[in-house]
$ cat protein.cif   # mmCIF, C-alpha atoms
data_target
loop_
_atom_site.label_atom_id
_atom_site.label_comp_id
_atom_site.auth_asym_id
_atom_site.auth_seq_id
_atom_site.Cartn_x
_atom_site.Cartn_y
_atom_site.Cartn_z
CA MET A 1 -29.03 66.62 26.84
CA SER A 2 -25.78 68.04 28.23
CA HIS A 3 -22.82 69.01 26.10
CA ARG A 4 -20.76 66.27 27.77
CA THR A 5 -23.36 63.59 26.86
CA ARG A 6 -23.42 64.74 23.25
CA ASN A 7 -19.64 64.35 23.09
CA LEU A 8 -20.05 60.71 23.97
CA PHE A 9 -21.97 59.87 20.77
CA PRO A 10 -18.89 59.09 18.64
CA VAL A 11 -17.50 56.92 21.44
CA ILE A 12 -20.80 55.00 21.70
CA ALA A 13 -20.91 54.57 17.92
CA PHE A 14 -17.35 53.27 17.95
CA LEU A 15 -18.08 50.84 20.80
CA ALA A 16 -21.20 49.59 19.01
CA ALA A 17 -19.14 48.95 15.88
CA ALA A 18 -16.46 47.20 17.93
CA PHE A 19 -19.16 45.05 19.56
CA LEU A 20 -20.45 44.01 16.16
CA TYR A 21 -16.95 43.05 15.12
CA ALA A 22 -16.40 41.18 18.37
CA PRO A 23 -17.47 37.72 17.13
CA LEU A 24 -14.81 37.84 14.43
CA ASN A 25 -12.11 38.72 16.94
CA SER A 26 -13.13 36.01 19.38
CA GLN A 27 -13.20 33.55 16.50
CA ALA A 28 -9.67 34.53 15.57
CA GLN A 29 -8.54 33.99 19.15
CA THR A 30 -10.25 30.61 19.31
CA SER A 31 -8.63 29.73 16.02
CA ALA A 32 -5.21 30.62 17.31
CA THR A 33 -5.59 28.26 20.23
CA GLN A 34 -6.64 25.53 17.83
CA SER A 35 -3.51 25.59 15.73
CA GLY A 36 -1.12 22.78 16.49
CA THR A 37 -2.98 20.29 18.64
CA SER A 38 -6.64 20.24 17.70
CA ALA A 39 -9.43 20.59 20.20
CA HIS A 40 -11.93 17.99 21.42
CA GLY A 41 -9.71 15.00 20.57
CA GLU A 42 -10.17 15.49 16.84
CA ARG A 43 -8.34 12.97 14.74
CA TRP A 44 -6.46 14.01 11.63
CA LEU A 45 -5.28 11.88 8.76
CA HIS A 46 -2.06 13.19 7.25
CA VAL A 47 -0.50 12.34 3.92
CA ARG A 48 2.98 13.54 3.05
CA VAL A 49 4.83 12.88 -0.17
CA ILE A 50 8.34 14.20 -0.58
CA SER A 51 10.12 13.72 -3.84
CA THR A 52 13.89 13.90 -3.92
CA ASN A 53 14.09 14.72 -7.63
CA SER A 54 15.46 18.01 -8.93
CA LYS A 55 12.10 19.80 -8.61
CA GLY A 56 11.74 18.78 -4.99
CA GLU A 57 8.01 18.13 -5.15
CA THR A 58 6.20 18.07 -1.86
CA VAL A 59 2.58 17.23 -1.14
CA ARG A 60 1.02 17.64 2.27
CA VAL A 61 -2.62 16.77 2.92
CA ASN A 62 -4.29 17.02 6.31
CA VAL A 63 -7.88 15.79 6.64
CA PRO A 64 -9.99 15.72 9.79
CA LEU A 65 -11.41 12.19 10.00
CA GLU A 66 -14.80 13.44 11.14
CA LEU A 67 -15.03 15.70 8.10
CA ALA A 68 -14.21 12.77 5.81
CA GLU A 69 -16.84 10.67 7.58
CA LYS A 70 -19.53 13.32 7.03
CA VAL A 71 -18.54 14.29 3.49
CA LEU A 72 -17.97 10.86 1.93
CA PRO A 73 -21.68 9.87 2.00
CA ALA A 74 -22.41 13.01 -0.06
CA ILE A 75 -20.24 11.72 -2.92
CA ASP A 76 -22.05 9.69 -5.52
CA HIS A 77 -19.57 8.99 -8.26
CA ASP A 78 -18.50 5.90 -10.17
CA ARG A 79 -18.06 3.10 -7.62
CA LEU A 80 -18.40 5.30 -4.55
CA HIS A 81 -21.95 5.53 -3.20
CA ASN A 82 -23.10 6.44 0.27
CA GLY A 83 -19.61 6.11 1.73
CA LYS A 84 -19.11 2.63 0.31
CA VAL A 85 -16.90 1.51 -2.56
CA ARG A 86 -18.15 -1.27 -4.76
CA ILE A 87 -15.35 -3.59 -5.74
CA GLY A 88 -15.74 -6.55 -7.97
CA CYS A 89 -13.18 -8.89 -6.50
CA MET A 90 -14.08 -9.71 -2.93
CA ASP A 91 -14.13 -13.25 -4.20
CA CYS A 92 -10.99 -13.08 -6.36
CA ASP A 93 -10.38 -16.24 -8.34
CA GLY A 94 -12.22 -18.27 -5.77
CA VAL A 95 -10.35 -16.70 -2.83
CA ASP A 96 -12.87 -15.26 -0.39
CA ILE A 97 -11.21 -12.27 1.26
CA ARG A 98 -13.77 -12.12 4.09
CA THR A 99 -13.15 -15.72 5.04
CA ILE A 100 -9.38 -15.18 5.01
CA PHE A 101 -9.71 -12.07 7.14
CA GLU A 102 -11.97 -13.91 9.59
CA ALA A 103 -9.37 -16.67 9.86
CA VAL A 104 -6.58 -14.14 10.48
CA ARG A 105 -8.67 -12.23 12.99
CA SER A 106 -9.49 -15.27 15.07
CA SER A 107 -5.96 -16.67 15.00
CA LYS A 108 -3.15 -15.85 17.42
CA ASP A 109 -0.48 -13.24 16.71
CA GLY A 110 2.20 -14.37 14.31
CA GLU A 111 3.78 -14.12 10.89
CA PHE A 112 1.41 -15.56 8.29
CA VAL A 113 3.26 -14.96 5.06
CA THR A 114 6.99 -14.85 4.50
CA VAL A 115 8.42 -14.69 1.01
CA GLN A 116 12.14 -14.25 0.50
CA SER A 117 13.51 -14.03 -3.02
CA ASN A 118 16.28 -12.29 -4.93
CA ASP A 119 13.84 -9.60 -6.02
CA ALA A 120 11.90 -8.90 -2.86
CA ASP A 121 11.11 -9.93 0.66
CA VAL A 122 7.48 -9.87 1.70
CA SER A 123 6.01 -10.55 5.09
CA VAL A 124 2.50 -10.31 6.51
CA MET A 125 2.04 -10.55 10.25
CA LYS A 126 -0.48 -9.87 12.97
CA LYS A 127 0.59 -8.39 16.27
CA GLU A 128 -1.34 -6.72 19.08
CA GLY A 129 -4.46 -6.06 17.00
CA MET A 130 -2.52 -4.73 14.04
CA LEU A 131 -1.94 -6.22 10.63
CA PHE A 132 1.55 -5.52 9.30
CA VAL A 133 2.62 -5.83 5.67
CA HIS A 134 6.27 -5.34 4.90
CA VAL A 135 7.74 -5.33 1.38
CA HIS A 136 11.41 -4.88 0.68
CA ASP A 137 12.07 -4.46 -3.04
CA LYS A 138 15.68 -5.33 -3.88
CA ASN A 139 15.56 -4.48 -7.58
CA LYS A 140 16.03 -0.75 -7.28
CA PRO A 141 19.48 0.78 -6.73
CA LYS A 142 18.40 2.09 -3.35
CA HIS A 143 16.23 -0.70 -2.03
CA SER A 144 12.66 0.41 -1.53
CA GLN A 145 10.77 -0.31 1.62
CA VAL A 146 7.00 -0.41 1.98
CA GLU A 147 5.47 -0.77 5.39
CA VAL A 148 1.73 -0.87 5.98
CA LYS A 149 0.19 -1.07 9.41
CA VAL A 150 -3.59 -1.44 9.63
CA PRO A 151 -5.56 -1.91 12.85
CA MET A 152 -7.62 -5.13 12.61
CA LYS A 153 -10.69 -3.20 13.78
CA VAL A 154 -10.38 -0.96 10.74
CA VAL A 155 -10.21 -3.92 8.36
CA GLU A 156 -13.18 -5.45 10.12
CA ALA A 157 -15.14 -2.19 9.74
CA LEU A 158 -14.15 -1.91 6.07
CA LEU A 159 -15.51 -5.40 5.44
CA SER A 160 -18.68 -4.80 7.46
CA GLY A 161 -20.67 -3.69 4.41
CA SER A 162 -22.59 -5.92 2.10
CA LYS A 163 -20.86 -8.33 -0.27
CA ASP A 164 -18.49 -6.76 -2.83
CA GLU A 165 -18.42 -3.48 -0.91
CA LEU A 166 -15.89 -1.73 1.30
CA ASP A 167 -17.51 0.47 3.90
CA ILE A 168 -15.09 3.41 3.90
CA VAL A 169 -17.11 5.49 6.38
CA ALA A 170 -17.17 2.62 8.88
CA GLY A 171 -13.42 2.19 8.32
CA LEU A 172 -12.76 5.86 9.02
CA HIS A 173 -14.95 5.71 12.11
CA ALA A 174 -12.96 2.75 13.40
CA LEU A 175 -9.72 4.54 12.54
CA ALA A 176 -10.80 7.58 14.57
CA GLY A 177 -10.90 5.36 17.64
CA GLN A 178 -7.23 4.42 17.27
CA GLY A 179 -4.28 6.16 18.90
CA ASP A 180 -1.54 7.95 16.97
CA VAL A 181 -0.32 5.53 14.35
CA GLU A 182 1.75 5.50 11.17
CA LEU A 183 -0.34 3.61 8.64
CA VAL A 184 1.80 3.66 5.52
CA SER A 185 5.47 4.33 4.99
CA VAL A 186 7.14 4.05 1.60
CA LYS A 187 10.76 4.87 0.99
CA ASP A 188 12.42 4.44 -2.37
CA ASP A 189 14.90 6.16 -4.71
CA ASP A 190 12.68 9.07 -5.57
CA ASN A 191 9.97 9.39 -2.98
CA THR A 192 9.18 9.21 0.66
CA ILE A 193 5.50 8.68 1.40
CA ARG A 194 3.93 8.72 4.83
CA VAL A 195 0.31 8.32 5.87
CA TRP A 196 -0.37 8.70 9.55
CA LEU A 197 -2.99 9.56 12.13
CA ASP A 198 -2.71 11.94 15.07
CA SER A 199 -4.47 14.80 16.85
CA LYS A 200 -2.54 17.64 15.24
CA ASN A 201 -4.05 19.78 12.53
CA VAL A 202 -0.69 20.67 11.02
CA THR A 203 2.04 18.57 9.51
CA THR A 204 5.21 18.68 11.53
CA ASP A 205 8.09 17.19 9.58
CA MET B 1 -25.33 74.62 13.72
CA VAL B 2 -26.03 72.20 16.56
CA LEU B 3 -28.76 70.55 14.48
CA LEU B 4 -26.35 70.08 11.57
CA ALA B 5 -23.80 68.57 13.92
CA LYS B 6 -26.45 66.17 15.25
CA ILE B 7 -27.45 65.13 11.71
CA ALA B 8 -23.80 64.62 10.73
CA LEU B 9 -23.19 62.58 13.87
CA GLY B 10 -26.28 60.45 13.28
CA PHE B 11 -25.31 59.91 9.64
CA GLY B 12 -21.72 59.08 10.61
CA ALA B 13 -22.83 56.61 13.28
CA THR B 14 -25.25 54.97 10.80
CA VAL B 15 -22.49 54.63 8.21
CA VAL B 16 -20.13 53.11 10.78
CA LEU B 17 -22.79 50.66 12.01
CA ALA B 18 -23.89 49.75 8.48
CA GLY B 19 -20.25 49.23 7.50
CA ALA B 20 -19.58 47.13 10.57
CA TYR B 21 -22.68 45.03 9.87
CA THR B 22 -21.86 44.62 6.17
CA PHE B 23 -18.30 43.46 6.84
CA ARG B 24 -19.24 41.42 9.92
CA GLU B 25 -19.51 38.23 7.88
CA GLY B 26 -16.15 38.83 6.27
CA LEU B 27 -14.95 39.47 2.78
CA LEU B 28 -15.04 37.54 -0.41
CA ARG B 29 -11.65 38.24 -1.89
CA PHE B 30 -10.27 37.47 -5.30
CA ASP B 31 -6.78 38.69 -6.22
CA VAL B 32 -4.89 37.92 -9.41
CA ASP B 33 -1.46 39.36 -10.06
CA GLU B 34 0.14 38.63 -13.39
CA SER B 35 3.64 39.88 -14.05
CA ARG B 36 4.32 37.98 -17.27
CA GLY B 37 4.52 40.30 -20.28
CA GLN B 38 1.86 42.91 -19.68
CA GLU B 39 1.17 43.25 -16.00
CA HIS B 40 -2.41 42.57 -14.91
CA HIS B 41 -3.75 43.04 -11.44
CA VAL B 42 -7.31 42.14 -10.55
CA HIS B 43 -8.46 42.70 -7.00
CA VAL B 44 -12.10 42.09 -6.13
CA TRP B 45 -13.23 42.54 -2.55
CA VAL B 46 -16.90 41.98 -1.84
CA PRO B 47 -18.59 41.95 1.58
CA ALA B 48 -19.78 38.36 2.07
CA ALA B 49 -23.04 39.55 3.60
CA ILE B 50 -24.28 40.93 0.28
CA VAL B 51 -23.76 37.68 -1.69
CA PRO B 52 -26.89 35.84 -0.43
CA MET B 53 -28.76 39.15 -0.73
CA ALA B 54 -27.60 39.65 -4.32
CA MET B 55 -28.77 36.14 -5.19
CA HIS B 56 -32.35 37.30 -4.63
CA PHE B 57 -31.97 39.79 -7.48
CA VAL B 58 -30.84 37.17 -10.00
CA PRO B 59 -33.73 36.23 -12.32
CA ARG B 60 -35.51 33.12 -11.06
CA GLU B 61 -35.01 31.12 -14.28
CA GLN B 62 -31.25 31.80 -14.20
CA MET B 63 -31.08 30.57 -10.62
CA ILE B 64 -33.07 27.45 -11.48
CA ARG B 65 -30.72 26.74 -14.39
CA ALA B 66 -27.70 27.23 -12.10
CA GLY B 67 -29.34 24.91 -9.57
CA GLU B 68 -29.90 22.25 -12.26
CA GLN B 69 -26.36 22.50 -13.58
CA SER B 70 -24.79 22.29 -10.15
CA ALA B 71 -27.25 19.75 -8.72
CA LYS B 72 -24.69 16.97 -8.81
CA PHE B 73 -22.04 18.84 -6.85
CA MET B 74 -23.96 21.13 -4.52
CA PRO B 75 -24.76 18.51 -1.83
CA LEU B 76 -21.02 17.78 -1.67
CA VAL B 77 -20.05 21.46 -1.60
CA HIS B 78 -22.67 22.08 1.07
CA ALA B 79 -21.44 19.13 3.17
CA VAL B 80 -17.79 20.25 2.88
CA ALA B 81 -18.56 23.91 3.68
CA LYS B 82 -20.77 22.97 6.62
CA GLU B 83 -18.18 20.63 8.11
CA LEU B 84 -15.19 22.88 7.44
CA GLN B 85 -16.80 25.58 9.60
CA ARG B 86 -15.86 23.39 12.55
CA TYR B 87 -12.20 23.77 11.56
CA PRO B 88 -11.66 27.53 11.24
CA GLU B 89 -7.89 27.20 11.27
CA ALA B 90 -6.45 24.28 9.32
CA GLU B 91 -3.88 23.59 6.63
CA LEU B 92 -5.64 21.15 4.31
CA VAL B 93 -3.52 20.82 1.20
CA GLU B 94 -0.09 22.12 0.33
CA VAL B 95 1.71 21.24 -2.88
CA HIS B 96 5.14 22.47 -3.95
CA ASP B 97 6.23 21.49 -7.42
CA GLY B 98 9.37 23.32 -8.42
CA GLU B 99 8.31 26.94 -8.72
CA GLN B 100 4.62 26.11 -8.55
CA TYR B 101 2.81 26.25 -5.28
CA VAL B 102 -0.77 25.54 -4.22
CA ARG B 103 -2.20 25.84 -0.75
CA ILE B 104 -5.75 25.24 0.46
CA ARG B 105 -6.50 26.10 4.04
CA THR B 106 -9.08 27.53 6.38
CA HIS B 107 -8.14 30.74 8.17
CA ASN B 108 -10.42 32.76 10.47
CA GLY B 109 -13.42 30.83 9.15
CA ASN B 110 -12.53 31.54 5.51
CA LEU B 111 -11.60 29.04 2.86
CA GLN B 112 -8.39 30.31 1.30
CA ILE B 113 -6.83 29.09 -1.92
CA ASP B 114 -3.40 30.33 -2.96
CA ALA B 115 -1.81 29.37 -6.23
CA GLN B 116 1.51 30.63 -7.43
CA GLU B 117 3.68 30.05 -10.45
CA PRO B 118 6.35 32.17 -12.05
CA GLY B 119 4.67 35.37 -13.17
CA GLN B 120 1.28 34.61 -11.72
CA LYS B 121 -0.21 34.71 -8.28
CA VAL B 122 -3.83 33.95 -7.40
CA HIS B 123 -5.44 34.34 -4.00
CA VAL B 124 -9.07 33.45 -3.33
CA SER B 125 -10.68 33.80 0.06
CA CYS B 126 -14.32 33.19 0.89
CA PRO B 127 -16.10 32.84 4.23
CA LEU B 128 -17.21 29.22 4.71
CA ALA B 129 -20.59 30.44 5.95
CA THR B 130 -21.15 32.16 2.59
CA ILE B 131 -20.27 29.00 0.64
CA ASP B 132 -22.65 27.10 2.90
CA ASP B 133 -25.48 29.63 2.29
CA VAL B 134 -25.00 29.78 -1.47
CA SER B 135 -24.68 25.99 -1.89
CA ARG B 136 -27.78 25.45 0.25
CA GLU B 137 -29.80 27.89 -1.86
CA LEU B 138 -28.60 26.35 -5.12
CA ALA B 139 -29.24 22.82 -3.84
CA ALA B 140 -32.79 23.86 -2.91
CA LEU B 141 -33.38 25.03 -6.50
CA ALA B 142 -32.15 21.78 -8.03
CA PRO B 143 -34.84 19.45 -9.36
CA ALA B 144 -35.69 16.62 -6.99
CA SER B 145 -34.05 13.40 -8.20
#
$ encode --input "protein.cif" --output "structure tokens"
Amino acid sequence: MSHRTRNLFPVIAFLAAAFLYAPLNSQAQTSATQSGTSAHGERWLHVRVISTNSKGETVRVNVPLELAEKVLPAIDHDRLHNGKVRIGCMDCDGVDIRTIFEAVRSSKDGEFVTVQSNDADVSVMKKEGMLFVHVHDKNKPKHSQVEVKVPMKVVEALLSGSKDELDIVAGLHALAGQGDVELVSVKDDDNTIRVWLDSKNVTTD
Amino acid sequence: MVLLAKIALGFGATVVLAGAYTFREGLLRFDVDESRGQEHHVHVWVPAAIVPMAMHFVPREQMIRAGEQSAKFMPLVHAVAKELQRYPEAELVEVHDGEQYVRIRTHNGNLQIDAQEPGQKVHVSCPLATIDDVSRELAALAPAS
């Protein structure tokens, strides 16, 4: 073996070590490209709570819908089993929620409930496959607003389980098929709450 | 002299390769910095590759007991770790509450937890693949329900 070849040993050892490390580096690069907009059309559910009190509490939660779909069936606690929540009031005081939903689903777009009082205004309407619930509470100094927007397909999927059960996994699956949408918005004196769905894996306020 | 140089080179290369292999799966990191009153600093860095290996040296009955005690949660931990590996770079939870701060995220395939409050800082980082391996082994030891 020539002197020159022997001198190459440290270089070869270094390259071998670098090669072994290579998967970590490539992973880091892949990761960097994944920040911001997620790959493969992944859908993310975001929850943001901002409190305007002196402490300035902030909560940000970002959950990939697919992860929630896979993980929920593994939880077996209290009323949650196999991705379904058992609730005892699908037939509340003789009001069958499934029948009401079926009636709303099959009816044309429109405002179904309108309540206007000194305390609050409430409206429930269906428009372009979405169910809207709007509550305007007038009692607080700075009037609070609650807006909920739920795709009808999601409600249908939630109610697709057996009686007295909400199929959360089916609901999440249906939600994943929706475009970017703001599901819940609450604004009052102390807090701003937003729940929304998009393809970004970070919260951009 | 040349023989000694060859031995040293071989030994050095082996050390480098062994080191590279050991750290290839990342590090399990646990840092605690306390600056209230008496200062305490705990920094534990363990190559993730040795964790599943070390589990084989734990007495069998201890492992079975750990499996029994964690039986309820391990399928969930395993499912979360397995799925999170598909999201190597994600901010999952961030909470600011006055001077307290908690963040849970995945970074470079590690699950990272940072918690901070006045006078105390905790940082935990663990490769998701290691959590997956450990939870799978513990779940396998749990009694069949």
$ atom_distance --input "protein.cif" --atom1 "CA of Glu147 (chain A)" --atom2 "CA of Asp180 (chain A)"
16.1 Å
$ residues_around --input "protein.cif" --residues "Leu72 (chain A)" --least-positions-apart "6" --cutoff "8 Å" --atoms "all atoms listed in the file" --output "ChimeraX atom specification"
/A:82-83,169
$ resolve_selection --input "protein.cif" --expression "the PyMOL selection byres ((chain A and resi 170) around 8)" --output "MDAnalysis selection string"
chainID A and resid 154 157:158 160 167:169 171:174
$ closest_residue --input "protein.cif" --among "A:Thr52, A:Ser117, A:Ser144, A:Thr58" --to "chain B" --atoms "all atoms listed in the file"
A:Thr58
$ axis_aligned_box --input "protein.cif" --around "region 42-45 of chain A" --padding-each-side "5 Å" --output "lines of an AutoDock Vina configuration file"
center_x = -7.7
center_y = 13.7
center_z = 12.8
size_x = 14.9
size_y = 13.6
size_z = 18.1
$ closest_residue --input "protein.cif" --among "A:Thr114, A:Ser123, A:Asn62, A:Ser106" --to "chain B" --atoms "all atoms listed in the file"
A:Asn62
$ closest_atom_pairs --input "protein.cif" --of "region 61-148 of chain A" --to "region 181-193 of chain A" --cutoff "7 Å" --atoms "all atoms listed in the file" --output "Markdown table"
| residue | atom | partner | partner_atom | distance |
| --- | --- | --- | --- | --- |
| A:Lys142 | CA | A:Asp189 | CA | 5.5 |
| A:His143 | CA | A:Asp188 | CA | 6.4 |
| A:Ser144 | CA | A:Asp188 | CA | 4.1 |
| A:Gln145 | CA | A:Lys187 | CA | 5.2 |
| A:Val146 | CA | A:Val186 | CA | 4.5 |
| A:Glu147 | CA | A:Ser185 | CA | 5.1 |
| A:Val148 | CA | A:Val184 | CA | 4.6 |
$ atom_distance --input "protein.cif" --atom1 "CA of Ser125 (chain B)" --atom2 "CA of Pro88 (chain B)"
12.9 Å
$ resolve_selection --input "protein.cif" --expression "the PyMOL selection byres ((chain A and resi 66-68) around 10)" --output "count of residues only"
26
$ build_atoms --input "protein.cif" --residues "region 19-42 of chain B" --atoms "N, CA and C atoms" --output "PDB file, in the coordinates of the input"
ATOM      1  N   GLY B  19     -21.519  49.806   7.976  1.00  0.00           N
ATOM      2  CA  GLY B  19     -20.250  49.230   7.500  1.00  0.00           C
ATOM      3  C   GLY B  19     -19.845  48.039   8.339  1.00  0.00           C
ATOM      4  N   ALA B  20     -19.952  48.220   9.655  1.00  0.00           N
ATOM      5  CA  ALA B  20     -19.580  47.130  10.570  1.00  0.00           C
ATOM      6  C   ALA B  20     -20.459  45.906  10.311  1.00  0.00           C
ATOM      7  N   TYR B  21     -21.772  46.157  10.090  1.00  0.00           N
ATOM      8  CA  TYR B  21     -22.680  45.030   9.870  1.00  0.00           C
ATOM      9  C   TYR B  21     -22.380  44.335   8.533  1.00  0.00           C
ATOM     10  N   THR B  22     -22.110  45.171   7.511  1.00  0.00           N
ATOM     11  CA  THR B  22     -21.860  44.620   6.170  1.00  0.00           C
ATOM     12  C   THR B  22     -20.604  43.741   6.159  1.00  0.00           C
ATOM     13  N   PHE B  23     -19.568  44.196   6.877  1.00  0.00           N
ATOM     14  CA  PHE B  23     -18.300  43.460   6.840  1.00  0.00           C
ATOM     15  C   PHE B  23     -18.191  42.426   7.955  1.00  0.00           C
ATOM     16  N   ARG B  24     -19.254  42.330   8.768  1.00  0.00           N
ATOM     17  CA  ARG B  24     -19.240  41.420   9.920  1.00  0.00           C
ATOM     18  C   ARG B  24     -19.028  39.971   9.476  1.00  0.00           C
ATOM     19  N   GLU B  25     -19.631  39.611   8.342  1.00  0.00           N
ATOM     20  CA  GLU B  25     -19.510  38.230   7.880  1.00  0.00           C
ATOM     21  C   GLU B  25     -18.257  37.996   7.043  1.00  0.00           C
ATOM     22  N   GLY B  26     -17.417  38.988   6.967  1.00  0.00           N
ATOM     23  CA  GLY B  26     -16.150  38.830   6.270  1.00  0.00           C
ATOM     24  C   GLY B  26     -16.195  39.281   4.832  1.00  0.00           C
ATOM     25  N   LEU B  27     -15.126  38.991   4.148  1.00  0.00           N
ATOM     26  CA  LEU B  27     -14.950  39.470   2.780  1.00  0.00           C
ATOM     27  C   LEU B  27     -14.768  38.314   1.816  1.00  0.00           C
ATOM     28  N   LEU B  28     -15.335  38.465   0.670  1.00  0.00           N
ATOM     29  CA  LEU B  28     -15.040  37.540  -0.410  1.00  0.00           C
ATOM     30  C   LEU B  28     -13.944  38.217  -1.223  1.00  0.00           C
ATOM     31  N   ARG B  29     -12.807  37.570  -1.295  1.00  0.00           N
ATOM     32  CA  ARG B  29     -11.650  38.240  -1.890  1.00  0.00           C
ATOM     33  C   ARG B  29     -11.100  37.438  -3.059  1.00  0.00           C
ATOM     34  N   PHE B  30     -10.810  38.126  -4.123  1.00  0.00           N
ATOM     35  CA  PHE B  30     -10.270  37.470  -5.300  1.00  0.00           C
ATOM     36  C   PHE B  30      -9.158  38.357  -5.855  1.00  0.00           C
ATOM     37  N   ASP B  31      -7.922  37.898  -5.752  1.00  0.00           N
ATOM     38  CA  ASP B  31      -6.780  38.690  -6.220  1.00  0.00           C
ATOM     39  C   ASP B  31      -5.994  37.908  -7.265  1.00  0.00           C
ATOM     40  N   VAL B  32      -5.746  38.524  -8.378  1.00  0.00           N
ATOM     41  CA  VAL B  32      -4.890  37.920  -9.410  1.00  0.00           C
ATOM     42  C   VAL B  32      -3.815  38.919  -9.773  1.00  0.00           C
ATOM     43  N   ASP B  33      -2.580  38.491  -9.665  1.00  0.00           N
ATOM     44  CA  ASP B  33      -1.460  39.360 -10.060  1.00  0.00           C
ATOM     45  C   ASP B  33      -0.644  38.638 -11.119  1.00  0.00           C
ATOM     46  N   GLU B  34      -0.626  39.229 -12.295  1.00  0.00           N
ATOM     47  CA  GLU B  34       0.140  38.630 -13.390  1.00  0.00           C
ATOM     48  C   GLU B  34       1.287  39.550 -13.728  1.00  0.00           C
ATOM     49  N   SER B  35       2.497  39.020 -13.717  1.00  0.00           N
ATOM     50  CA  SER B  35       3.640  39.880 -14.050  1.00  0.00           C
ATOM     51  C   SER B  35       4.377  39.386 -15.295  1.00  0.00           C
ATOM     52  N   ARG B  36       3.714  38.443 -16.011  1.00  0.00           N
ATOM     53  CA  ARG B  36       4.320  37.980 -17.270  1.00  0.00           C
ATOM     54  C   ARG B  36       3.910  38.948 -18.376  1.00  0.00           C
ATOM     55  N   GLY B  37       4.836  39.372 -19.189  1.00  0.00           N
ATOM     56  CA  GLY B  37       4.520  40.300 -20.280  1.00  0.00           C
ATOM     57  C   GLY B  37       3.856  41.545 -19.734  1.00  0.00           C
ATOM     58  N   GLN B  38       2.607  41.765 -20.205  1.00  0.00           N
ATOM     59  CA  GLN B  38       1.860  42.910 -19.680  1.00  0.00           C
ATOM     60  C   GLN B  38       1.377  42.579 -18.274  1.00  0.00           C
ATOM     61  N   GLU B  39       1.589  43.494 -17.388  1.00  0.00           N
ATOM     62  CA  GLU B  39       1.170  43.250 -16.000  1.00  0.00           C
ATOM     63  C   GLU B  39      -0.332  43.424 -15.858  1.00  0.00           C
ATOM     64  N   HIS B  40      -0.976  42.458 -15.191  1.00  0.00           N
ATOM     65  CA  HIS B  40      -2.410  42.570 -14.910  1.00  0.00           C
ATOM     66  C   HIS B  40      -2.613  42.366 -13.427  1.00  0.00           C
ATOM     67  N   HIS B  41      -3.418  43.191 -12.854  1.00  0.00           N
ATOM     68  CA  HIS B  41      -3.750  43.040 -11.440  1.00  0.00           C
ATOM     69  C   HIS B  41      -5.256  43.140 -11.294  1.00  0.00           C
ATOM     70  N   VAL B  42      -5.868  42.105 -10.794  1.00  0.00           N
ATOM     71  CA  VAL B  42      -7.310  42.140 -10.550  1.00  0.00           C
ATOM     72  C   VAL B  42      -7.519  41.917  -9.055  1.00  0.00           C
TER      73      VAL B  42
END
